[in-house]
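Coordinates as given in target_11.cif (mmCIF, C-alpha atoms):
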```
data_data
loop_
_atom_site.label_atom_id
_atom_site.label_comp_id
_atom_site.auth_asym_id
_atom_site.auth_seq_id
_atom_site.Cartn_x
_atom_site.Cartn_y
_atom_site.Cartn_z
CA MET N 464 -35.92 37.88 8.80
CA ASN N 465 -34.84 38.18 12.43
CA LYS N 466 -31.47 39.40 13.68
CA THR N 467 -30.16 35.96 14.76
CA PHE N 468 -30.79 34.43 11.35
CA LYS N 469 -29.01 37.35 9.64
CA THR N 470 -25.98 36.82 11.91
CA TYR N 471 -25.68 33.14 11.03
CA ALA N 472 -26.20 33.86 7.34
CA VAL N 473 -23.32 36.38 7.39
CA ILE N 474 -21.06 33.88 9.19
CA PHE N 475 -21.90 31.19 6.63
CA VAL N 476 -21.11 33.48 3.69
CA ILE N 477 -17.78 34.51 5.27
CA VAL N 478 -16.79 30.86 5.79
CA MET N 479 -17.65 30.07 2.17
CA ILE N 480 -15.53 32.98 0.92
CA ILE N 481 -12.55 31.89 3.08
CA LEU N 482 -12.78 28.33 1.78
CA ALA N 483 -13.01 29.54 -1.80
CA LEU N 484 -9.89 31.70 -1.38
CA LEU N 485 -7.99 28.78 0.18
CA GLU N 486 -9.01 26.52 -2.68
CA VAL N 487 -7.93 29.03 -5.32
CA ASN N 488 -4.51 29.53 -3.71
CA LYS N 489 -3.96 25.84 -2.98
CA LYS N 490 -1.02 24.26 -4.77
CA GLU N 491 -1.56 21.13 -6.81
CA THR N 492 -0.38 18.05 -4.95
CA THR N 493 0.53 14.70 -6.46
CA ASP N 494 -1.38 11.69 -5.24
CA TRP N 495 1.26 9.05 -4.54
CA ARG N 496 -1.15 6.47 -3.16
CA LYS N 497 -0.77 2.97 -4.60
CA ASN N 498 -4.35 2.66 -5.83
CA PHE N 499 -3.74 0.43 -8.90
CA ASP N 500 -7.00 1.72 -10.38
CA ILE N 501 -7.40 1.27 -14.15
CA ASN N 502 -9.19 4.64 -14.38
CA GLU N 503 -6.71 6.66 -12.30
CA LYS N 504 -4.14 8.93 -13.98
CA SER N 505 -2.24 9.41 -10.73
CA PRO N 506 1.37 8.07 -10.65
CA PHE N 507 0.45 4.69 -9.21
CA GLY N 508 -2.74 4.10 -11.19
CA LEU N 509 -3.07 1.69 -14.13
CA PHE N 510 -4.58 4.08 -16.68
CA VAL N 511 -1.68 3.73 -19.17
CA PHE N 512 -1.45 -0.03 -18.86
CA ASN N 513 -5.24 -0.32 -19.28
CA ASN N 514 -5.07 1.62 -22.57
CA GLU N 515 -2.09 -0.35 -23.93
CA ALA N 516 -3.14 -3.79 -22.71
CA LYS N 517 -5.14 -4.73 -25.84
CA ASP N 518 -2.14 -4.15 -28.12
CA LEU N 519 0.15 -5.93 -25.67
CA PHE N 520 -2.01 -9.07 -25.78
CA LYS N 521 -2.85 -8.79 -29.50
CA ASN N 522 -6.56 -8.18 -28.81
CA ASN N 523 -6.82 -11.47 -26.93
CA LEU N 524 -7.38 -9.66 -23.61
CA LYS N 525 -10.81 -9.57 -21.99
CA LYS N 526 -11.45 -7.53 -18.83
CA ILE N 527 -13.78 -9.19 -16.32
CA GLU N 528 -15.44 -7.06 -13.64
CA GLN N 529 -16.94 -10.07 -11.86
CA VAL N 530 -14.97 -11.90 -9.20
CA PRO N 531 -13.55 -15.23 -10.47
CA TYR N 532 -15.95 -17.28 -8.34
CA GLU N 533 -19.01 -15.70 -9.96
CA TYR N 534 -17.52 -15.68 -13.46
CA TYR N 535 -16.41 -19.32 -13.53
CA SER N 536 -19.65 -20.43 -11.92
CA GLN N 537 -21.50 -18.94 -14.91
CA HIS N 538 -19.01 -19.70 -17.71
CA LYS N 539 -17.26 -22.89 -18.73
CA LYS N 540 -13.88 -22.06 -20.25
CA GLY N 541 -11.20 -24.06 -21.98
CA VAL N 542 -7.50 -23.46 -21.34
CA HIS N 543 -6.71 -19.74 -21.18
CA ASN N 544 -4.58 -17.14 -19.40
CA ILE N 545 -5.58 -15.45 -16.15
CA ILE N 546 -4.22 -12.10 -14.92
CA VAL N 547 -4.77 -10.65 -11.45
CA ILE N 548 -3.09 -7.32 -10.60
CA GLU N 549 -3.19 -6.23 -6.94
CA ASN N 550 -6.79 -7.39 -6.56
CA ASP N 551 -8.11 -8.42 -3.15
CA LEU N 552 -10.08 -11.57 -3.97
CA ASP N 553 -11.96 -13.90 -1.65
CA GLY N 554 -10.87 -17.44 -0.84
CA ALA N 555 -13.53 -19.03 -3.08
CA SER N 556 -12.28 -17.01 -6.08
CA TRP N 557 -8.67 -18.09 -5.52
CA LYS N 558 -9.84 -21.70 -5.42
CA LYS N 559 -11.62 -21.24 -8.75
CA ILE N 560 -8.40 -19.83 -10.27
CA LEU N 561 -6.40 -22.81 -8.97
CA ASP N 562 -9.00 -25.19 -10.43
CA GLN N 563 -8.56 -23.54 -13.85
CA VAL N 564 -4.76 -23.75 -13.61
CA SER N 565 -4.85 -27.41 -12.62
CA GLU N 566 -6.81 -28.09 -15.84
CA GLY N 567 -4.16 -26.46 -18.05
CA SER N 568 -4.64 -22.68 -17.83
CA ASP N 569 -1.83 -20.29 -16.83
CA ALA N 570 -2.30 -17.62 -14.15
CA MET N 571 -0.11 -14.55 -13.67
CA LEU N 572 -0.54 -12.93 -10.28
CA ILE N 573 1.08 -9.51 -9.85
CA THR N 574 0.57 -8.50 -6.25
CA SER N 575 2.68 -7.33 -3.31
CA GLN N 576 0.62 -9.26 -0.76
CA MET N 577 0.28 -12.88 -1.81
CA PRO N 578 -2.93 -14.58 -0.59
CA LYS N 579 -2.55 -17.54 1.74
CA GLU N 580 -4.57 -19.77 -0.61
CA ILE N 581 -1.88 -19.45 -3.30
CA SER N 582 1.17 -19.69 -1.03
CA ASP N 583 -0.22 -22.80 0.66
CA SER N 584 -0.93 -24.44 -2.70
CA ILE N 585 2.50 -24.03 -4.31
CA GLY N 586 4.57 -23.95 -1.11
CA TYR N 587 6.70 -20.81 -0.82
CA TYR N 588 7.23 -17.87 1.50
CA ASP N 589 7.39 -14.19 0.61
CA SER N 590 8.58 -11.41 2.88
CA GLU N 591 10.00 -7.91 2.90
CA ILE N 592 13.56 -8.38 1.73
CA SER N 593 14.62 -4.79 1.01
CA PHE N 594 14.40 -1.41 2.70
CA GLU N 595 16.32 0.45 -0.02
CA GLU N 596 14.72 3.49 -1.63
CA GLU N 597 15.80 2.29 -5.08
CA ASN N 598 15.48 -1.17 -6.63
CA VAL N 599 16.29 -2.54 -10.08
CA LEU N 600 14.09 -5.28 -11.48
CA LYS N 601 15.72 -7.70 -13.96
CA LEU N 602 14.75 -11.00 -15.56
CA THR N 603 17.01 -14.05 -15.32
CA ASP N 604 16.60 -15.16 -18.96
CA LYS N 605 19.70 -14.15 -20.94
CA LYS N 606 17.67 -12.84 -23.90
CA TYR N 607 16.10 -10.26 -21.54
CA GLN N 608 19.35 -9.15 -19.86
CA ASN N 609 19.25 -5.68 -21.40
CA ASP N 610 15.65 -5.08 -20.34
CA PHE N 611 15.30 -3.84 -16.79
CA ILE N 612 13.34 -1.27 -14.82
CA LYS N 613 14.57 1.02 -12.05
CA LEU N 614 12.16 1.68 -9.18
CA ASP N 615 13.03 5.03 -7.58
CA LYS N 616 9.69 5.79 -5.92
CA PHE N 617 8.32 3.76 -3.00
CA PRO N 618 9.23 0.20 -4.05
CA SER N 619 7.49 -2.46 -1.99
CA GLY N 620 10.78 -4.30 -1.41
CA ARG N 621 9.07 -7.67 -1.36
CA GLY N 622 10.52 -10.95 -2.60
CA PHE N 623 10.71 -14.67 -1.95
CA SER N 624 12.73 -15.71 1.08
CA PHE N 625 12.17 -19.45 0.59
CA ILE N 626 11.72 -21.23 -2.73
CA LYS N 627 11.12 -24.94 -3.25
CA PRO N 628 13.34 -26.81 -5.74
CA ASN N 629 10.52 -27.25 -8.30
CA VAL N 630 9.92 -23.48 -8.53
CA GLU N 631 11.72 -21.58 -11.30
CA ILE N 632 13.08 -18.06 -10.65
CA LEU N 633 12.28 -15.76 -13.60
CA GLY N 634 13.18 -12.35 -12.14
CA LYS N 635 15.17 -10.71 -9.37
CA THR N 636 15.51 -7.48 -7.42
CA VAL N 637 19.04 -6.10 -7.75
CA GLU N 638 20.55 -3.72 -5.17
CA LYS N 639 24.00 -2.25 -4.62
CA LYS N 640 24.45 -3.32 -1.00
CA ASN N 641 22.47 -6.58 -0.95
CA THR N 642 22.51 -9.85 -2.84
CA ASP N 643 19.94 -10.40 -5.59
CA GLN N 644 16.51 -11.54 -4.38
CA ALA N 645 13.86 -13.40 -6.37
CA ASN N 646 10.71 -11.37 -7.15
CA PHE N 647 9.26 -13.28 -10.12
CA ILE N 648 8.74 -17.05 -10.12
CA ARG N 649 6.97 -19.80 -12.04
CA ALA N 650 5.48 -22.83 -10.29
CA LYS N 651 3.95 -25.88 -11.93
CA PHE N 652 0.43 -26.62 -10.67
CA GLY N 653 -1.47 -29.50 -12.18
CA LYS N 654 -1.42 -29.14 -15.96
CA GLY N 655 -0.83 -25.38 -15.85
CA ASN N 656 1.58 -22.81 -14.43
CA ILE N 657 1.32 -20.07 -11.84
CA TYR N 658 3.45 -16.97 -12.41
CA ILE N 659 3.91 -14.69 -9.42
CA HIS N 660 5.45 -11.20 -9.50
CA VAL N 661 5.52 -9.39 -6.15
CA GLU N 662 6.30 -5.86 -7.41
CA PRO N 663 3.23 -4.48 -9.25
CA LEU N 664 4.65 -0.94 -9.45
CA PHE N 665 6.29 -1.68 -12.83
CA LEU N 666 2.79 -1.56 -14.41
CA THR N 667 1.83 1.86 -13.01
CA ASN N 668 1.61 5.13 -14.95
CA TYR N 669 4.73 6.60 -13.35
CA TYR N 670 7.03 3.83 -14.56
CA LEU N 671 5.41 2.90 -17.89
CA LEU N 672 5.71 6.51 -19.12
CA LYS N 673 9.48 6.44 -18.61
CA PRO N 674 11.50 5.56 -21.74
CA GLY N 675 12.45 1.90 -22.05
CA ASN N 676 10.31 0.61 -19.18
CA VAL N 677 7.54 -0.75 -21.41
CA LYS N 678 9.93 -3.42 -22.70
CA TYR N 679 10.27 -4.95 -19.23
CA ALA N 680 6.47 -5.26 -18.93
CA GLN N 681 6.32 -6.88 -22.36
CA ASP N 682 8.99 -9.38 -21.32
CA VAL N 683 7.09 -10.34 -18.17
CA PHE N 684 3.85 -11.04 -20.05
CA SER N 685 5.70 -12.86 -22.86
CA TYR N 686 5.82 -15.94 -20.62
CA LEU N 687 2.07 -16.38 -21.14
CA PRO N 688 1.01 -18.37 -24.24
CA ASP N 689 -0.61 -16.50 -27.13
CA ARG N 690 -4.28 -17.28 -26.38
CA GLU N 691 -7.38 -15.81 -24.74
CA THR N 692 -6.48 -13.89 -21.59
CA LEU N 693 -8.90 -12.92 -18.82
CA TRP N 694 -7.96 -9.93 -16.66
CA PHE N 695 -9.96 -9.78 -13.43
CA VAL N 696 -10.19 -6.09 -12.53
CA GLU N 697 -11.71 -4.40 -9.50
CA SER N 698 -15.42 -3.92 -10.15
CA ASN N 699 -16.60 -0.29 -10.15
CA SER N 700 -20.28 -1.21 -10.28
CA LYS N 701 -20.91 -0.19 -6.68
CA THR N 702 -19.30 3.24 -6.86
CA SER N 703 -20.64 4.13 -10.30
CA ARG N 704 -24.21 3.89 -9.06
CA PHE N 705 -23.63 6.38 -6.26
CA PHE N 706 -25.01 9.75 -7.36
CA MET N 707 -22.43 11.64 -5.24
CA ARG N 708 -19.43 9.95 -6.86
CA PHE N 709 -18.52 12.92 -9.10
CA ILE N 710 -18.83 15.51 -6.32
CA LEU N 711 -16.81 13.49 -3.80
CA SER N 712 -14.09 12.73 -6.35
CA ASN N 713 -13.46 16.47 -6.89
CA PRO N 714 -11.78 18.13 -3.85
CA ALA N 715 -13.30 21.57 -4.45
CA LEU N 716 -16.83 20.21 -4.88
CA LYS N 717 -16.36 17.89 -1.91
CA TYR N 718 -15.42 20.78 0.43
CA ALA N 719 -18.34 22.86 -0.85
CA TRP N 720 -20.71 19.93 -0.28
CA TRP N 721 -19.61 19.43 3.33
CA VAL N 722 -19.85 23.14 4.07
CA PHE N 723 -23.35 23.20 2.56
CA LEU N 724 -24.41 20.27 4.73
CA GLY N 725 -22.93 21.92 7.81
CA GLY N 726 -24.78 25.17 7.13
CA LEU N 727 -28.00 23.27 6.48
CA VAL N 728 -27.71 21.45 9.81
CA LEU N 729 -27.10 24.72 11.67
CA PHE N 730 -30.07 26.34 9.96
CA ILE N 731 -32.40 23.45 10.80
CA PHE N 732 -31.14 23.32 14.39
CA PHE N 733 -31.68 27.00 15.20
CA ASN N 734 -34.87 27.32 13.16
CA ALA N 735 -36.47 24.22 14.68
CA LYS N 736 -35.49 25.34 18.16
CA ARG N 737 -37.53 28.53 17.75
CA LYS N 738 -40.65 27.08 16.12
CA GLN N 739 -41.01 23.76 17.91
CA ARG N 740 -44.41 23.42 19.53
CA ILE N 741 -44.74 22.68 23.22
CA VAL N 742 -44.70 18.95 23.80
CA PRO N 743 -47.76 18.02 25.87
CA VAL N 744 -47.15 16.21 29.15
CA ILE N 745 -48.83 12.82 29.06
CA GLU N 746 -49.46 11.16 32.36
CA PRO N 747 -48.08 7.62 32.42
CA LEU N 748 -50.53 4.77 32.77
CA ARG N 749 -51.17 3.96 36.39
CA ASN N 750 -49.94 0.63 37.69
CA THR N 751 -53.04 -0.96 39.25
CA SER N 752 -51.33 -4.22 40.20
CA LEU N 753 -50.38 -2.93 43.65
CA ASP N 754 -53.93 -1.69 44.28
CA PHE N 755 -55.26 -5.10 43.27
CA VAL N 756 -52.94 -6.88 45.70
CA LYS N 757 -53.96 -4.54 48.53
CA SER N 758 -57.64 -5.12 47.78
CA ILE N 759 -57.21 -8.92 47.85
CA GLY N 760 -55.23 -8.68 51.10
CA ASN N 761 -57.91 -6.52 52.74
CA LEU N 762 -60.57 -8.96 51.56
CA TYR N 763 -58.82 -11.87 53.25
CA LEU N 764 -58.32 -9.87 56.45
CA GLN N 765 -61.97 -8.82 56.53
CA GLU N 766 -63.11 -12.41 56.03
CA GLY N 767 -60.68 -13.59 58.72
CA ASP N 768 -59.53 -16.58 56.65
CA PHE N 769 -55.98 -16.65 58.07
CA HIS N 770 -55.57 -20.37 57.43
CA ASP N 771 -56.06 -20.00 53.65
CA MET N 772 -53.61 -17.07 53.54
CA MET N 773 -51.00 -19.11 55.43
CA ALA N 774 -51.46 -22.03 53.03
CA LYS N 775 -50.93 -19.81 49.99
CA LYS N 776 -47.89 -18.17 51.58
CA ALA N 777 -46.44 -21.60 52.36
CA GLN N 778 -47.12 -22.80 48.81
CA TYR N 779 -45.41 -19.72 47.36
CA PHE N 780 -42.40 -20.15 49.67
CA LEU N 781 -41.89 -23.84 48.78
CA ASN N 782 -42.14 -23.05 45.09
CA LYS N 783 -39.39 -20.40 45.44
CA VAL N 784 -37.22 -22.92 47.32
CA ARG N 785 -37.62 -25.47 44.53
CA MET N 786 -36.96 -23.02 41.67
CA ASP N 787 -34.29 -20.76 43.16
CA LEU N 788 -32.50 -22.98 45.69
CA LEU N 789 -33.08 -26.29 43.85
CA ILE N 790 -34.15 -28.12 47.04
CA ASP N 791 -36.75 -30.89 46.95
CA THR N 792 -39.76 -29.89 49.08
CA GLN N 793 -41.59 -33.21 48.97
CA ASN N 794 -40.68 -34.08 52.56
CA LEU N 795 -40.22 -31.31 55.15
CA ASP N 796 -37.92 -33.48 57.26
CA PRO N 797 -34.61 -32.74 59.08
CA GLU N 798 -32.68 -33.35 55.84
CA PHE N 799 -34.74 -30.64 54.11
CA ALA N 800 -34.14 -28.30 57.07
CA LYS N 801 -30.39 -28.93 56.90
CA LYS N 802 -30.21 -28.19 53.14
CA LEU N 803 -32.27 -25.03 53.57
CA GLN N 804 -30.06 -23.88 56.44
CA LEU N 805 -26.88 -24.44 54.34
CA LYS N 806 -28.15 -22.56 51.31
CA THR N 807 -29.75 -19.63 53.13
CA GLY N 808 -27.30 -19.27 56.03
CA LYS N 809 -30.08 -18.76 58.54
CA THR N 810 -30.13 -20.29 62.00
CA MET N 811 -31.54 -23.76 62.51
CA GLU N 812 -34.00 -22.38 65.08
CA MET N 813 -35.48 -20.03 62.47
CA ILE N 814 -35.64 -22.82 59.86
CA ASN N 815 -37.37 -25.26 62.24
CA GLU N 816 -39.89 -22.65 63.36
CA ALA N 817 -40.71 -21.82 59.73
CA ILE N 818 -41.16 -25.52 58.86
CA SER N 819 -43.47 -25.96 61.83
CA LEU N 820 -45.65 -23.07 60.71
CA ILE N 821 -45.68 -24.38 57.10
CA LYS N 822 -46.87 -27.78 58.29
CA LYS N 823 -49.53 -26.08 60.37
CA ALA N 824 -50.66 -24.13 57.29
CA GLN N 825 -50.83 -27.36 55.26
CA ASP N 826 -52.99 -29.09 57.88
CA PRO N 827 -56.64 -28.37 56.95
CA TYR N 828 -57.79 -29.10 60.52
CA ALA N 829 -55.25 -26.95 62.31
CA SER N 830 -56.42 -23.88 64.20
CA VAL N 831 -54.46 -20.75 63.27
CA MET N 832 -54.57 -17.17 64.46
CA LYS N 833 -53.71 -13.83 63.01
CA GLU N 834 -50.44 -13.85 64.95
CA ASP N 835 -49.43 -17.17 63.30
CA LEU N 836 -49.92 -15.62 59.86
CA ALA N 837 -47.86 -12.54 60.73
CA ARG N 838 -45.07 -14.64 62.29
CA MET N 839 -44.87 -17.06 59.36
CA ASN N 840 -44.92 -14.24 56.81
CA LYS N 841 -41.97 -12.53 58.54
CA LEU N 842 -39.99 -15.77 58.93
CA LEU N 843 -40.37 -16.87 55.30
CA ASP N 844 -39.49 -13.41 53.98
CA ASP N 845 -36.37 -13.31 56.17
CA ILE N 846 -35.23 -16.76 55.01
CA LEU N 847 -35.48 -15.81 51.32
CA LYS N 848 -33.63 -12.52 51.70
#
```

Would you kindly transcribe this structure into structure tokens?
Amino acid sequence: MNKTFKTYAVIFVIVMIILALLEVNKKETTDWRKNFDINEKSPFGLFVFNNEAKDLFKNNLKKIEQVPYEYYSQHKKGVHNIIVIENDLDGASWKKILDQVSEGSDAMLITSQMPKEISDSIGYYDSEISFEEENVLKLTDKKYQNDFIKLDKFPSGRGFSFIKPNVEILGKTVEKKNTDQANFIRAKFGKGNIYIHVEPLFLTNYYLLKPGNVKYAQDVFSYLPDRETLWFVESNSKTSRFFMRFILSNPALKYAWWVFLGGLVLFIFFNAKRKQRIVPVIEPLRNTSLDFVKSIGNLYLQEGDFHDMMAKKAQYFLNKVRMDLLIDTQNLDPEFAKKLQLKTGKTMEMINEAISLIKKAQDPYASVMKEDLARMNKLLDDILK
């Protein structure tokens, strides 16, 4: 083992020890992210609600991990209840839900960001109506007046700023300094109803574990008929198949994994740099096209066939004029000369001289000299520059 490798090994071990000490002395921090994950025990996860949901719906609840579009395309259902809690669905899935509601099902959507497909269908607007740090959620029905929930941690502050006359207000956000704002509504859609609650925090672990708050959740879901209920949850099928899921979900293991990968990259880099074999120099293939052109040119010069060379040069020039300048070369008349002069910007004397030489090259009985070929070649090249 050489000296350089020993140095890097010592540095790697020291870094690992420092990270381990930092991890041991690190204070536990609370994850206040609004993840709404049924498997998360963090404050704003849905672990508690997920465990109590079966009793709440009298064992009529069925969790569906497919998106509504896929599920309803594969299953034909009668009238039933639909629950969506802070789930980012695609437009086709929302359309499937609306189709079920129009046939007599009821849908309860609990989400802070209402999809456009729903708002356009029932005609309402939602917006941020509150910037207070504390909100109180209450239902408008008199029999639920004593059941309320106080949001003291990061309320979304969303509500309905415009409600159509045929929409019924079921719940409100109550504040000390502001007037009450609707946060829970029911809208008739076809043969069914759409219930919309724009503050999903009341279903999270943090609030359901507080005494008395479960009653408010029970009151909200009591508006749904006592029948089969489908809860469309976020599918975990993609993450569960990932073999690194457990390591990346644990902060200590995650840090150790990244440090290991970093050390492995350093080791490979320095080790490969020392043992890499010399890359042989391969001569690039020689371009023989230029040699071929020179050989053909010398052949023509040796044969002294200047007339044929002029004819080919003239043919090439006229083809370039047709393709690049879009000028008809059928008749080499004054009109052609004028168009060529306008598009190339060359003098009329140069254009006329070039046309004269081209005509001479096209005449099989004309007598040409080496000087004519050289002059025409220079003129045509200058015109196309």

(-0.1, 5.9, -8.1) in this file's frame - what residues fall within 12 Å of it? Use only C-alpha atoms and give the answer as a PyMOL selection string.
chain N and resi 493-511+616-618+663-671

Exercise: Lys802 (chain N) partners within 12 Å, all atoms listed in the file, chain neighbours under 2 positions left out, as a ChimeraX atom specification:
/N:784-785,788-792,795-800,804-811,814-815

What would the file look like if the residues just selected were written as a short mmCIF file (atom, residue, chain, number, x, y, z; two decimals), keeping the file's coordinate frame with C-alpha atoms?
```cif
data_model
loop_
_atom_site.label_atom_id
_atom_site.label_comp_id
_atom_site.auth_asym_id
_atom_site.auth_seq_id
_atom_site.Cartn_x
_atom_site.Cartn_y
_atom_site.Cartn_z
CA VAL N 784 -37.22 -22.92 47.32
CA ARG N 785 -37.62 -25.47 44.53
CA LEU N 788 -32.50 -22.98 45.69
CA LEU N 789 -33.08 -26.29 43.85
CA ILE N 790 -34.15 -28.12 47.04
CA ASP N 791 -36.75 -30.89 46.95
CA THR N 792 -39.76 -29.89 49.08
CA LEU N 795 -40.22 -31.31 55.15
CA ASP N 796 -37.92 -33.48 57.26
CA PRO N 797 -34.61 -32.74 59.08
CA GLU N 798 -32.68 -33.35 55.84
CA PHE N 799 -34.74 -30.64 54.11
CA ALA N 800 -34.14 -28.30 57.07
CA GLN N 804 -30.06 -23.88 56.44
CA LEU N 805 -26.88 -24.44 54.34
CA LYS N 806 -28.15 -22.56 51.31
CA THR N 807 -29.75 -19.63 53.13
CA GLY N 808 -27.30 -19.27 56.03
CA LYS N 809 -30.08 -18.76 58.54
CA THR N 810 -30.13 -20.29 62.00
CA MET N 811 -31.54 -23.76 62.51
CA ILE N 814 -35.64 -22.82 59.86
CA ASN N 815 -37.37 -25.26 62.24
#
```

Please determine, counting all atoms listed in the file, which residue among N:Lys605, N:Thr642, N:Leu561, N:Glu746 has the shortest atom-to-atom distance to Ile657 (chain N).
N:Leu561

Resolved residues for the PyMOL selection byres ((chain N and resi 538-554) around 6) as a short mmCIF file (atom, residue, chain, number, x, y, z; two decimals) with C-alpha atoms, in the frame of the given file:
```cif
data_model
loop_
_atom_site.label_atom_id
_atom_site.label_comp_id
_atom_site.auth_asym_id
_atom_site.auth_seq_id
_atom_site.Cartn_x
_atom_site.Cartn_y
_atom_site.Cartn_z
CA TYR N 535 -16.41 -19.32 -13.53
CA SER N 536 -19.65 -20.43 -11.92
CA GLN N 537 -21.50 -18.94 -14.91
CA ALA N 555 -13.53 -19.03 -3.08
CA SER N 556 -12.28 -17.01 -6.08
CA TRP N 557 -8.67 -18.09 -5.52
CA GLY N 567 -4.16 -26.46 -18.05
CA SER N 568 -4.64 -22.68 -17.83
CA ASP N 569 -1.83 -20.29 -16.83
CA ALA N 570 -2.30 -17.62 -14.15
CA MET N 571 -0.11 -14.55 -13.67
CA LEU N 572 -0.54 -12.93 -10.28
CA ILE N 573 1.08 -9.51 -9.85
CA THR N 574 0.57 -8.50 -6.25
CA GLU N 691 -7.38 -15.81 -24.74
CA THR N 692 -6.48 -13.89 -21.59
CA LEU N 693 -8.90 -12.92 -18.82
CA TRP N 694 -7.96 -9.93 -16.66
CA PHE N 695 -9.96 -9.78 -13.43
#
```

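From CA of Val742 (chain N) back to CA of Leu729 (chain N), the distance works out to 22.1 Å.
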
Point-to-point distance in Å for CA of Glu816 (chain N) and CA of His770 (chain N):
16.9 Å

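What separates CA of Met786 (chain N) from CA of Leu843 (chain N) is a distance of 15.3 Å.
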
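Among the candidates N:Val744, N:Leu524, N:Ala680, N:Leu602, the residue lying nearest to Ile648 (chain N) is N:Leu602 (atoms considered: only C-alpha atoms).
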
Which of N:Glu595, N:Asp689, N:Asp835, N:Glu812 sits closest to Met772 (chain N) [using only C-alpha atoms]
N:Asp835

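By chain and then residue number, the residues within 10 Å of Lys776 (chain N) are His770, Asn782, Ile821, Ala824, Leu836, Met839, Asn840, Leu843 and Asp844 of chain N, counting all atoms listed in the file and disregarding those fewer than 6 positions away in sequence.
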
Just give me the residues with any atom within 6 Å of (13.3, -3.5, -21.6), file coordinates, counting only C-alpha atoms, written as JSON, numbers by chain.
{"N": [610, 611, 675, 676, 678, 679]}

Keeping C-alpha atoms for every residue in the selection just given, could you write it to a file as a PDB file, in the coordinates of the input?
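Saved to selection_34.pdb:
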```
ATOM      1  CA  ASP N 610      15.650  -5.080 -20.340  1.00  0.00           C
ATOM      2  CA  PHE N 611      15.300  -3.840 -16.790  1.00  0.00           C
ATOM      3  CA  GLY N 675      12.450   1.900 -22.050  1.00  0.00           C
ATOM      4  CA  ASN N 676      10.310   0.610 -19.180  1.00  0.00           C
ATOM      5  CA  LYS N 678       9.930  -3.420 -22.700  1.00  0.00           C
ATOM      6  CA  TYR N 679      10.270  -4.950 -19.230  1.00  0.00           C
TER       7      TYR N 679
END
```

Selection result for the PyMOL selection byres ((chain N and resi 632) around 10) on this file, as a PyMOL selection string
chain N and resi 602-604+623+626+629-631+633-635+644-650+658-659

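Here the question is which of N:Ser565, N:Lys606, N:Lys601, N:Gln778 gets nearest to Ser584 (chain N) using only C-alpha atoms, and that residue is N:Ser565.
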
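Residues captured in this structure file are Ser593, Phe594, Glu595, Val599, Leu600, Lys601, Ile612, Lys613, Leu614, Asp615, Lys616, Phe617, Pro618, Ser619, Gly620, Lys635, Thr636, Val637, Glu638 and Lys639 of chain N, according to the PyMOL selection byres ((chain N and resi 596-598) around 10).
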